[in-house]
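Worksheet: the structure to be examined is printed underneath.
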Amino acid sequence: MHHLQGKAVGVRPAEIRTLLEQIYLEKLALQQRHVAGARCVSDYDINNTYQYVINREDVHLAWLRDAIAAAGGSLPAAPAVEIKDGSMPAVLVEDRDRATAFIERWKGRIPAVTNARHRTMLELLMGETREHERFFAQAAAGRSDLLGRRADGMGTGGGVLPTRWVE
């Protein structure tokens with residue numbers, strides 16, 4: 001928060017637009033990374049978790065796009081994504097660490113956002129990113145019941161399909 005003659009002043013419109021654009025760019029990079037990571041994860045339950053995370057990030061990005069457009073901003077181009085080690089454990093650990101870094105980088109700037117709608121959106125986005133971080137940490141530790149447990153004796157019928165969408 002800025003201070004002007006002893007009074008707290010929130011983030012100015014141009015600053016909020018820049019903040020939203022920067023968060024959008026980094027969230028887009030995370031989402032693109034998760035799409036690429038899902039291709040490396042053939043375990044059905046963990047891949048389902050990736051699909052859940054990607055779906056939520058699609059919503060986050062839509063929120064951010066709308067807020068940026070309303071603030072008169074422009075959308076940055078999607079970043080290139082590269083996965084160096086495509087093994088499931090490495091992908092999970094890197095995705096956990098990227099979520100942690102995202103949270104650490106942005107959480108301190110959100111309280112200064114005085115626009116209640118933007119602040120609430122960013123708080124929800126951060127909370128769900130924290131949930132994603134926990135999913136990746138649990139999966140890296142060997143948990144597969146991230147989105148719930150099946151009834152006894154129920155299986156998955158094998159791995160996942162090689163593409164995200166089948167029409």
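All residue names refer to the structure tokens as shown: chains lettered A, B, ... in order, residues numbered from 1 in each chain, ligands numbered from 1 in order.
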
- Message: If we count only C-alpha atoms and set the cut-off at 12 Å, which residues sit around A:Thr120, ignoring sequence neighbours fewer than 4 positions away in its own chain? Please answer as a list in words.
- Response: Trp63, Leu64, Ala67, Ile110, Pro111, Ala112, Val113, Thr114, Asn115, Ala116, Leu124, Leu125, Met126 and Gly127 of chain A

Keeping only N, CA, C and O atoms, take the residues you just selected and write them out as a PDB file, in the first residue's frame.
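Writing done, so here's selection-v2.pdb:
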```pdb
ATOM      1  N   TRP A  63     -11.144 -15.067 -15.563  1.00  0.00           N
ATOM      2  CA  TRP A  63     -11.348 -13.962 -14.614  1.00  0.00           C
ATOM      3  C   TRP A  63     -10.341 -12.847 -14.883  1.00  0.00           C
ATOM      4  O   TRP A  63     -10.688 -11.674 -14.918  1.00  0.00           O
ATOM      5  N   LEU A  64      -9.075 -13.240 -15.011  1.00  0.00           N
ATOM      6  CA  LEU A  64      -8.016 -12.258 -15.229  1.00  0.00           C
ATOM      7  C   LEU A  64      -8.187 -11.541 -16.560  1.00  0.00           C
ATOM      8  O   LEU A  64      -8.004 -10.322 -16.642  1.00  0.00           O
ATOM      9  N   ALA A  67     -10.865  -8.944 -16.148  1.00  0.00           N
ATOM     10  CA  ALA A  67     -10.401  -7.822 -15.321  1.00  0.00           C
ATOM     11  C   ALA A  67      -9.412  -6.947 -16.084  1.00  0.00           C
ATOM     12  O   ALA A  67      -9.471  -5.712 -16.003  1.00  0.00           O
ATOM     13  N   ILE A 110      -1.256  -8.598  -2.870  1.00  0.00           N
ATOM     14  CA  ILE A 110      -2.718  -8.619  -2.969  1.00  0.00           C
ATOM     15  C   ILE A 110      -3.406  -7.752  -1.914  1.00  0.00           C
ATOM     16  O   ILE A 110      -4.376  -7.057  -2.238  1.00  0.00           O
ATOM     17  N   PRO A 111      -2.952  -7.715  -0.669  1.00  0.00           N
ATOM     18  CA  PRO A 111      -3.646  -6.873   0.318  1.00  0.00           C
ATOM     19  C   PRO A 111      -3.689  -5.390  -0.058  1.00  0.00           C
ATOM     20  O   PRO A 111      -4.576  -4.670   0.393  1.00  0.00           O
ATOM     21  N   ALA A 112      -2.774  -4.921  -0.894  1.00  0.00           N
ATOM     22  CA  ALA A 112      -2.750  -3.509  -1.290  1.00  0.00           C
ATOM     23  C   ALA A 112      -3.784  -3.189  -2.369  1.00  0.00           C
ATOM     24  O   ALA A 112      -4.018  -2.021  -2.665  1.00  0.00           O
ATOM     25  N   VAL A 113      -4.399  -4.200  -2.931  1.00  0.00           N
ATOM     26  CA  VAL A 113      -5.406  -3.983  -3.970  1.00  0.00           C
ATOM     27  C   VAL A 113      -6.696  -3.540  -3.281  1.00  0.00           C
ATOM     28  O   VAL A 113      -7.322  -4.302  -2.559  1.00  0.00           O
ATOM     29  N   THR A 114      -7.080  -2.294  -3.500  1.00  0.00           N
ATOM     30  CA  THR A 114      -8.248  -1.741  -2.809  1.00  0.00           C
ATOM     31  C   THR A 114      -9.558  -2.032  -3.526  1.00  0.00           C
ATOM     32  O   THR A 114     -10.617  -1.940  -2.918  1.00  0.00           O
ATOM     33  N   ASN A 115      -9.503  -2.365  -4.795  1.00  0.00           N
ATOM     34  CA  ASN A 115     -10.708  -2.746  -5.515  1.00  0.00           C
ATOM     35  C   ASN A 115     -11.138  -4.112  -4.980  1.00  0.00           C
ATOM     36  O   ASN A 115     -10.446  -5.111  -5.165  1.00  0.00           O
ATOM     37  N   ALA A 116     -12.267  -4.153  -4.290  1.00  0.00           N
ATOM     38  CA  ALA A 116     -12.710  -5.377  -3.607  1.00  0.00           C
ATOM     39  C   ALA A 116     -12.904  -6.539  -4.580  1.00  0.00           C
ATOM     40  O   ALA A 116     -12.574  -7.683  -4.254  1.00  0.00           O
ATOM     41  N   LEU A 124      -8.999 -15.628  -4.145  1.00  0.00           N
ATOM     42  CA  LEU A 124      -9.512 -16.942  -4.550  1.00  0.00           C
ATOM     43  C   LEU A 124      -8.500 -17.669  -5.431  1.00  0.00           C
ATOM     44  O   LEU A 124      -8.247 -18.865  -5.250  1.00  0.00           O
ATOM     45  N   LEU A 125      -7.926 -16.957  -6.374  1.00  0.00           N
ATOM     46  CA  LEU A 125      -6.918 -17.526  -7.260  1.00  0.00           C
ATOM     47  C   LEU A 125      -5.733 -18.059  -6.455  1.00  0.00           C
ATOM     48  O   LEU A 125      -5.252 -19.164  -6.704  1.00  0.00           O
ATOM     49  N   MET A 126      -5.293 -17.277  -5.473  1.00  0.00           N
ATOM     50  CA  MET A 126      -4.157 -17.707  -4.638  1.00  0.00           C
ATOM     51  C   MET A 126      -4.534 -18.920  -3.790  1.00  0.00           C
ATOM     52  O   MET A 126      -3.750 -19.860  -3.640  1.00  0.00           O
ATOM     53  N   GLY A 127      -5.737 -18.924  -3.228  1.00  0.00           N
ATOM     54  CA  GLY A 127      -6.179 -20.056  -2.420  1.00  0.00           C
ATOM     55  C   GLY A 127      -6.250 -21.334  -3.237  1.00  0.00           C
ATOM     56  O   GLY A 127      -5.833 -22.401  -2.775  1.00  0.00           O
TER      57      GLY A 127
END
```

- Message: For A:Val35, find every residue with an atom within 8 Å (counting only C-alpha atoms), except residues of its own chain fewer than 3 positions away, and show them as a PyMOL selection string.
- Response: chain A and resi 31-32+38-39+50+54

Okay, now the selection with N, CA and C atoms, as a CSV table (one decimal), in the first residue's frame?
```
chain,number,residue,atom,x,y,z
A,31,GLN,N,-0.4,-22.7,-16.3
A,31,GLN,CA,-1.5,-23.6,-16.9
A,31,GLN,C,-0.9,-24.3,-18.1
A,32,GLN,N,-0.1,-23.6,-18.9
A,32,GLN,CA,0.6,-24.3,-20.1
A,32,GLN,C,1.5,-25.4,-19.6
A,38,ALA,N,0.6,-32.9,-17.8
A,38,ALA,CA,-0.5,-33.9,-17.9
A,38,ALA,C,-0.1,-35.0,-18.9
A,39,ARG,N,0.6,-34.6,-20.0
A,39,ARG,CA,1.0,-35.5,-21.1
A,39,ARG,C,2.0,-36.5,-20.6
A,50,TYR,N,-4.6,-33.4,-12.6
A,50,TYR,CA,-4.1,-32.4,-13.5
A,50,TYR,C,-5.2,-31.8,-14.3
A,54,ILE,N,-6.1,-27.9,-14.4
A,54,ILE,CA,-6.1,-27.2,-15.7
A,54,ILE,C,-7.5,-26.5,-15.8
```

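Residues in contact with stretch 12-19 of chain A at up to 7 Å, not including ones fewer than 2 positions away on its chain and judged by only C-alpha atoms, are Gly10, Glu21, Gln22, Ile23, Ile68, Ala71 and Gly73 of chain A.
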
The selected residues should be written to file as a CSV table (one decimal), in the first residue's frame (atoms: C-alpha atoms).
```
chain,number,residue,atom,x,y,z
A,10,GLY,CA,-4.4,1.5,-2.6
A,21,GLU,CA,-1.2,-8.5,-16.6
A,22,GLN,CA,1.8,-9.9,-14.8
A,23,ILE,CA,-0.2,-12.4,-12.7
A,68,ILE,CA,-7.6,-6.8,-17.6
A,71,ALA,CA,-8.9,-2.0,-16.9
A,73,GLY,CA,-5.0,-3.6,-20.6
```

- Task: Pick out each residue of chain A that DSSP on the backbone tags as helix (DSSP H, G or I); I need them as a PyMOL selection string.
- Result: chain A and resi 13-40+44-70+88-106+110-112+116-140

C-alpha atoms of the current selection, written as an mmCIF file, in the first residue's frame:
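Result went into again_9.cif, see below:
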```cif
data_model
loop_
_atom_site.group_PDB
_atom_site.id
_atom_site.type_symbol
_atom_site.label_atom_id
_atom_site.label_comp_id
_atom_site.auth_asym_id
_atom_site.auth_seq_id
_atom_site.Cartn_x
_atom_site.Cartn_y
_atom_site.Cartn_z
ATOM 1 C CA PRO A 13 -5.527 1.865 -11.737
ATOM 2 C CA ALA A 14 -2.425 1.701 -13.967
ATOM 3 C CA GLU A 15 -0.620 -0.324 -11.298
ATOM 4 C CA ILE A 16 -3.519 -2.759 -10.879
ATOM 5 C CA ARG A 17 -3.670 -3.261 -14.644
ATOM 6 C CA THR A 18 0.061 -4.023 -14.702
ATOM 7 C CA LEU A 19 -0.297 -6.325 -11.685
ATOM 8 C CA LEU A 20 -3.180 -8.203 -13.331
ATOM 9 C CA GLU A 21 -1.227 -8.536 -16.597
ATOM 10 C CA GLN A 22 1.837 -9.876 -14.764
ATOM 11 C CA ILE A 23 -0.217 -12.367 -12.740
ATOM 12 C CA TYR A 24 -2.057 -13.398 -15.910
ATOM 13 C CA LEU A 25 1.216 -14.062 -17.725
ATOM 14 C CA GLU A 26 2.592 -16.172 -14.894
ATOM 15 C CA LYS A 27 -0.695 -18.027 -14.353
ATOM 16 C CA LEU A 28 -0.850 -18.716 -18.095
ATOM 17 C CA ALA A 29 2.676 -20.136 -17.935
ATOM 18 C CA LEU A 30 1.609 -22.395 -15.028
ATOM 19 C CA GLN A 31 -1.465 -23.555 -16.917
ATOM 20 C CA GLN A 32 0.556 -24.291 -20.063
ATOM 21 C CA ARG A 33 3.076 -26.161 -17.928
ATOM 22 C CA HIS A 34 0.280 -28.257 -16.391
ATOM 23 C CA VAL A 35 -1.117 -29.120 -19.831
ATOM 24 C CA ALA A 36 2.380 -30.294 -20.842
ATOM 25 C CA GLY A 37 2.837 -32.077 -17.493
ATOM 26 C CA ALA A 38 -0.453 -33.945 -17.884
ATOM 27 C CA ARG A 39 0.954 -35.506 -21.054
ATOM 28 C CA CYS A 40 3.790 -36.976 -18.964
ATOM 29 C CA TYR A 44 -5.186 -42.217 -14.027
ATOM 30 C CA ASP A 45 -5.831 -40.607 -10.637
ATOM 31 C CA ILE A 46 -2.964 -38.144 -10.857
ATOM 32 C CA ASN A 47 -3.807 -37.260 -14.451
ATOM 33 C CA ASN A 48 -7.403 -36.618 -13.342
ATOM 34 C CA THR A 49 -5.984 -34.209 -10.777
ATOM 35 C CA TYR A 50 -4.057 -32.430 -13.530
ATOM 36 C CA GLN A 51 -7.279 -32.129 -15.541
ATOM 37 C CA TYR A 52 -9.012 -30.635 -12.494
ATOM 38 C CA VAL A 53 -6.161 -28.147 -11.971
ATOM 39 C CA ILE A 54 -6.127 -27.181 -15.664
ATOM 40 C CA ASN A 55 -9.893 -26.631 -15.607
ATOM 41 C CA ARG A 56 -9.658 -24.349 -12.556
ATOM 42 C CA GLU A 57 -6.773 -22.455 -14.170
ATOM 43 C CA ASP A 58 -8.916 -21.954 -17.282
ATOM 44 C CA VAL A 59 -11.409 -20.218 -14.969
ATOM 45 C CA HIS A 60 -8.657 -18.150 -13.291
ATOM 46 C CA LEU A 61 -7.406 -17.020 -16.686
ATOM 47 C CA ALA A 62 -10.924 -16.046 -17.789
ATOM 48 C CA TRP A 63 -11.348 -13.962 -14.614
ATOM 49 C CA LEU A 64 -8.016 -12.258 -15.229
ATOM 50 C CA ARG A 65 -8.768 -11.647 -18.944
ATOM 51 C CA ASP A 66 -12.054 -9.963 -18.015
ATOM 52 C CA ALA A 67 -10.401 -7.822 -15.321
ATOM 53 C CA ILE A 68 -7.559 -6.805 -17.644
ATOM 54 C CA ALA A 69 -9.977 -5.905 -20.452
ATOM 55 C CA ALA A 70 -12.094 -3.842 -18.026
ATOM 56 C CA MET A 88 6.208 -38.332 -13.249
ATOM 57 C CA PRO A 89 8.103 -37.677 -9.985
ATOM 58 C CA ALA A 90 10.130 -34.837 -11.525
ATOM 59 C CA VAL A 91 7.056 -33.261 -13.134
ATOM 60 C CA LEU A 92 5.127 -33.361 -9.850
ATOM 61 C CA VAL A 93 7.960 -31.860 -7.799
ATOM 62 C CA GLU A 94 8.577 -29.102 -10.332
ATOM 63 C CA ASP A 95 4.860 -28.271 -10.494
ATOM 64 C CA ARG A 96 4.711 -28.126 -6.688
ATOM 65 C CA ASP A 97 7.733 -25.829 -6.605
ATOM 66 C CA ARG A 98 6.344 -23.576 -9.352
ATOM 67 C CA ALA A 99 3.055 -23.214 -7.456
ATOM 68 C CA THR A 100 4.978 -22.345 -4.289
ATOM 69 C CA ALA A 101 7.050 -19.731 -6.139
ATOM 70 C CA PHE A 102 3.917 -18.196 -7.692
ATOM 71 C CA ILE A 103 2.246 -17.878 -4.288
ATOM 72 C CA GLU A 104 5.333 -16.408 -2.654
ATOM 73 C CA ARG A 105 5.852 -13.911 -5.464
ATOM 74 C CA TRP A 106 2.299 -12.496 -5.417
ATOM 75 C CA ILE A 110 -2.718 -8.619 -2.969
ATOM 76 C CA PRO A 111 -3.646 -6.873 0.318
ATOM 77 C CA ALA A 112 -2.750 -3.509 -1.290
ATOM 78 C CA ALA A 116 -12.710 -5.377 -3.607
ATOM 79 C CA ARG A 117 -13.653 -7.323 -6.729
ATOM 80 C CA HIS A 118 -10.054 -7.618 -7.922
ATOM 81 C CA ARG A 119 -8.734 -8.381 -4.438
ATOM 82 C CA THR A 120 -11.333 -11.120 -3.861
ATOM 83 C CA MET A 121 -10.598 -12.633 -7.275
ATOM 84 C CA LEU A 122 -6.864 -12.658 -6.544
ATOM 85 C CA GLU A 123 -7.407 -14.119 -3.062
ATOM 86 C CA LEU A 124 -9.512 -16.942 -4.550
ATOM 87 C CA LEU A 125 -6.918 -17.526 -7.260
ATOM 88 C CA MET A 126 -4.157 -17.707 -4.638
ATOM 89 C CA GLY A 127 -6.179 -20.056 -2.420
ATOM 90 C CA GLU A 128 -6.835 -22.432 -5.292
ATOM 91 C CA THR A 129 -3.186 -22.270 -6.358
ATOM 92 C CA ARG A 130 -2.305 -23.267 -2.770
ATOM 93 C CA GLU A 131 -4.690 -26.226 -3.185
ATOM 94 C CA HIS A 132 -2.920 -27.180 -6.440
ATOM 95 C CA GLU A 133 0.440 -26.922 -4.687
ATOM 96 C CA ARG A 134 -0.863 -29.368 -2.051
ATOM 97 C CA PHE A 135 -2.132 -31.760 -4.751
ATOM 98 C CA PHE A 136 1.281 -31.849 -6.421
ATOM 99 C CA ALA A 137 3.057 -32.329 -3.080
ATOM 100 C CA GLN A 138 0.740 -35.180 -2.097
ATOM 101 C CA ALA A 139 1.082 -36.835 -5.502
ATOM 102 C CA ALA A 140 4.878 -36.527 -5.329
#
```

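One finds atom CA of A:Ser87 at 10.1 Å from atom CA of A:Ser42.
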